[in-house]
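*Asks:* So that we are looking at the same thing, I have put the structure below in structure tokens.
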Amino acid sequence: MLQKTKGIVLRSIKYGDTSLITTIFTDLYGIQAYMVQGVRSAKSRNNKAGLLQPATLLDLIVYHKPQQSLQRVREYQASYLYTSIQEEVIKNSIALFSVDLLSRLLPESAPMPELFEFVNEYFTALDRMLLEEVANFPIFFIVHCSKVLGYNINGEYSIDTPYLNLKEGAFTSNPPLISPVIHDEDAKSLNELLHVQEFARLKDIEMNAAMRYRLLDWYIEYLHQHTQHLGVIKSLAVLQAILH
């Protein structure tokens, strides 16, 4: 069955001499693997392999067969052309971290239209905003994706509940027994992020690089505690090396 859908490229690997197998987060079908034939051929009239790089936003026409592990793409084109993500190292590293995290968190073949809409808007905002305004994007991304997927942080930061508890996923009054321990200013900043609704407001939350590192480490460990398939986020080390 032919179907129009929007998609966000998560990864592509070479297949044979001229083709790619591309994993795409689609708005209709969730994560799907697609065979894109002949796209790497020097004789291809439409050499669009560059559109199958991670984080690219696509409009697709696909062949979809339920229960089939590898689908096929009939047509695809960019739904939004980036102007800065591919050229600016910091933005590109944020995008690759976000794609890496997303590909590990999402179950296969499970439609998640609310999350898809957020991720689509997130990458568009990342591309459009000034470089000095995007430092809080990675922690906001992990916070929001976790919330949509059901890994909520309960309670509120206050002087009486200044600690984040990994096991409970909540702000608590007593120091948690499980490390890493997040409290005081770090916990207060995360509480602010939990209530952000607009990307433009992220720049108003004051955090330095060390705070962002601690919160990212905490959140990834929190997800490790509550999921079974997160694995190692290799792109995190690159992100932390360049994000100041």
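Chain labels follow the order of the structure tokens: the first chain is A, the next B, and so on; residue numbering restarts at 1 in every chain, and ligands are counted from 1 in their shown order.
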Neighbours of A:Ala209 within 9 Å (only C-alpha atoms; same-chain residues fewer than 5 positions away dropped), as JSON, numbers by chain?
*Replies:* {"A": [135, 214, 240, 243, 244]}
*Asks:* Just list the residues in chain A DSSP gives strand (DSSP E or B) on the backbone, as a PyMOL selection string.
*Replies:* chain A and resi 2-15+19-26+30-36+57-63+70-80+108+154+163-165+170-172+182-183
*Asks:* Taking only C-alpha atoms into account, which of A:Ile94, A:Leu202, A:Ile8, A:Val89 comes nearest A:Leu60?
*Replies:*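 Going through A:Ile94, A:Leu202, A:Ile8, A:Val89 one by one, the smallest distance to A:Leu60 is for A:Ile8.
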*Asks:* Return the single residue from A:Leu105, A:Phe199, A:Ile142, A:Pro162 that is closest to A:Tyr122, with distances computed using only C-alpha atoms.
*Replies:*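 Nearest to A:Tyr122: A:Phe199.
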*Asks:* Find the residues near stretch 115-120 of chain A: any atom within 6 Å, counting only C-alpha atoms, skip ones fewer than 3 places away on the same chain, and give them as a PDB file with C-alpha atoms, in the first residue's frame.
*Replies:*
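Written output follows (around_30.pdb):
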```
ATOM      1  CA  ASP A  27       4.584  10.229  11.892  1.00  0.00           C
ATOM      2  CA  MET A 112       3.880   8.349  18.364  1.00  0.00           C
ATOM      3  CA  PHE A 123      15.068  20.318  14.857  1.00  0.00           C
TER       4      PHE A 123
END
```
*Asks:* Using only C-alpha atoms, what table do you get, as CSV, when you list each residue of stretch 91-152 of chain A with an atom no more than 12 Å from stretch 203-207 of chain A, its nearest pair of atoms, and their distance in Å rounded to one decimal, rows by chain then rising number?
*Replies:*
```
residue,atom,partner,partner_atom,distance
A:Leu126,CA,A:Lys203,CA,11.9
A:Met129,CA,A:Lys203,CA,10.0
A:Leu130,CA,A:Lys203,CA,10.0
A:Leu131,CA,A:Lys203,CA,10.5
A:Glu132,CA,A:Lys203,CA,8.2
A:Glu133,CA,A:Lys203,CA,5.1
A:Val134,CA,A:Lys203,CA,6.9
A:Ala135,CA,A:Lys203,CA,7.7
A:Asn136,CA,A:Lys203,CA,6.9
A:Phe137,CA,A:Lys203,CA,9.0
A:Ile139,CA,A:Met207,CA,10.7
A:Phe140,CA,A:Ile205,CA,10.8
```
*Asks:* Between A:His229, A:His224, A:Lys147, A:Arg212, single out the one closest to A:Leu194, counting only C-alpha atoms.
*Replies:*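 For A:Leu194, the nearest of the candidates is A:Lys147.
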*Asks:* Would you return as a PyMOL selection string the members of stretch 132-167 of chain A that DSSP assigns to helix (DSSP H, G or I) on this structure's backbone?
*Replies:* chain A and resi 132-133+137-148
*Asks:* Taking 4 positions as the minimum chain separation for residues in the same chain, which residues sit within 8 Å of A:Ser173 when counting only C-alpha atoms? Answer as an mmCIF file with C-alpha atoms, in the first residue's frame.
*Replies:*
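Produced file out-v7.cif, reproduced below:
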```cif
data_model
loop_
_atom_site.group_PDB
_atom_site.id
_atom_site.type_symbol
_atom_site.label_atom_id
_atom_site.label_comp_id
_atom_site.auth_asym_id
_atom_site.auth_seq_id
_atom_site.Cartn_x
_atom_site.Cartn_y
_atom_site.Cartn_z
ATOM 1 C CA ASP A 160 11.952 21.425 51.389
ATOM 2 C CA THR A 161 12.413 19.096 48.365
ATOM 3 C CA PRO A 162 15.813 20.063 46.894
ATOM 4 C CA TYR A 163 16.960 16.583 45.784
#
```
*Asks:* What's the 9 Å shell around A:Ser158, counting only C-alpha atoms, without same-chain residues fewer than 6 positions away, as a list of chain:residue names?
*Replies:* A:Phe171, A:Ser173, A:Asp184, A:Lys188
*Asks:* Just the residues within 12 Å of A:Tyr63, please, counting only C-alpha atoms, with nothing from its chain fewer than 6 positions along; format it as a PyMOL selection string.
*Replies:* chain A and resi 1-5+29+32-36+70-76
*Asks:* With N, CA and C atoms retained, could you export that selection as a compact mmCIF listing (two decimals), in the first residue's frame?
*Replies:*
```
# COMPACT_ATOMS: atom_id res chain seq x y z
N MET A 1 0.84 -1.20 0.00
CA MET A 1 0.00 0.00 0.00
C MET A 1 0.87 1.24 0.00
N LEU A 2 0.63 2.15 -0.93
CA LEU A 2 1.35 3.41 -0.99
C LEU A 2 0.75 4.40 0.00
N GLN A 3 1.63 5.11 0.72
CA GLN A 3 1.15 6.03 1.74
C GLN A 3 2.09 7.23 1.85
N LYS A 4 1.53 8.42 1.97
CA LYS A 4 2.34 9.60 2.25
C LYS A 4 2.57 9.71 3.75
N THR A 5 3.78 10.04 4.15
CA THR A 5 4.09 10.21 5.56
C THR A 5 5.26 11.18 5.69
N TYR A 29 3.87 5.60 11.23
CA TYR A 29 4.22 4.22 11.58
C TYR A 29 5.29 4.11 12.66
N GLN A 32 10.68 2.91 11.31
CA GLN A 32 10.63 1.92 10.24
C GLN A 32 11.99 1.89 9.54
N ALA A 33 12.36 0.71 9.04
CA ALA A 33 13.56 0.55 8.23
C ALA A 33 13.15 0.50 6.76
N TYR A 34 13.82 1.28 5.92
CA TYR A 34 13.48 1.37 4.50
C TYR A 34 14.69 1.06 3.63
N MET A 35 14.43 0.31 2.57
CA MET A 35 15.41 0.12 1.52
C MET A 35 15.26 1.25 0.51
N VAL A 36 16.36 1.96 0.25
CA VAL A 36 16.35 3.02 -0.76
C VAL A 36 17.34 2.58 -1.84
N LEU A 70 11.37 -4.76 6.63
CA LEU A 70 12.06 -3.81 5.74
C LEU A 70 11.09 -3.32 4.68
N GLN A 71 10.78 -2.02 4.75
CA GLN A 71 9.85 -1.41 3.80
C GLN A 71 10.63 -0.76 2.65
N ARG A 72 9.89 -0.21 1.70
CA ARG A 72 10.54 0.45 0.56
C ARG A 72 10.01 1.87 0.40
N VAL A 73 10.91 2.75 -0.09
CA VAL A 73 10.56 4.14 -0.35
C VAL A 73 10.36 4.32 -1.86
N ARG A 74 9.26 4.95 -2.22
CA ARG A 74 9.06 5.27 -3.63
C ARG A 74 9.62 6.65 -3.96
N GLU A 75 9.28 7.66 -3.14
CA GLU A 75 9.77 9.01 -3.37
C GLU A 75 10.06 9.67 -2.03
N TYR A 76 11.00 10.60 -2.04
CA TYR A 76 11.26 11.39 -0.84
C TYR A 76 11.88 12.72 -1.22
```
*Asks:* Env of A:Ser79: 8 Å cut, atoms = only C-alpha atoms, seq-sep filter 6 positions within chain, self excluded. Answer as a PyMOL selection string.
*Replies:* chain A and resi 6+57-59
*Asks:* Go ahead and save the picked residues with N, CA and C atoms, as an mmCIF file, in the first residue's frame.
*Replies:*
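New file again10.cif:
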```
data_model
loop_
_atom_site.group_PDB
_atom_site.id
_atom_site.type_symbol
_atom_site.label_atom_id
_atom_site.label_comp_id
_atom_site.auth_asym_id
_atom_site.auth_seq_id
_atom_site.Cartn_x
_atom_site.Cartn_y
_atom_site.Cartn_z
ATOM 1 N N LYS A 6 5.383 11.771 6.826
ATOM 2 C CA LYS A 6 6.553 12.583 7.135
ATOM 3 C C LYS A 6 7.545 11.732 7.912
ATOM 4 N N LEU A 57 14.728 16.123 7.810
ATOM 5 C CA LEU A 57 13.262 16.088 7.849
ATOM 6 C C LEU A 57 12.741 15.856 6.429
ATOM 7 N N LEU A 58 11.892 14.839 6.274
ATOM 8 C CA LEU A 58 11.490 14.395 4.938
ATOM 9 C C LEU A 58 9.972 14.348 4.762
ATOM 10 N N ASP A 59 9.562 14.534 3.509
ATOM 11 C CA ASP A 59 8.238 14.119 3.032
ATOM 12 C C ASP A 59 8.456 12.857 2.209
#
```
*Asks:* Please indicate the distance in Å from atom CA of A:Ile24 to atom CA of A:Arg201, rounded to one decimal place.
*Replies:*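 The value is 29.0 Å.
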*Asks:* Tell me which of A:Gly231, A:Gly155, A:Pro54, A:Pro66 sits closest to A:Gly169, counting only C-alpha atoms.
*Replies:*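 Smallest distance to A:Gly169 is found for A:Gly155.
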*Asks:* Just checking: using only C-alpha atoms, which residue out of A:Ile90, A:Leu81, A:Ile31, A:Ala49 ends up closest to A:Ser69?
*Replies:*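 Using only C-alpha atoms, the shortest distance to A:Ser69 belongs to A:Ile31.
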*Asks:* Identify which of the residues A:Val9, A:Ile21, A:Leu102, A:Leu164 lies closest to A:Leu215, counting only C-alpha atoms when measuring atom-to-atom distances.
*Replies:*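 Once distances to A:Leu215 are computed over only C-alpha atoms, the minimum belongs to A:Leu164.
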*Asks:* Could you jot down the atom CA of A:Val62 to atom CA of A:Thr23 separation for me, Å, one decimal place?
*Replies:*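 Taking atom CA of A:Val62 as the start and atom CA of A:Thr23 as the end point, the length is 12.9 Å.
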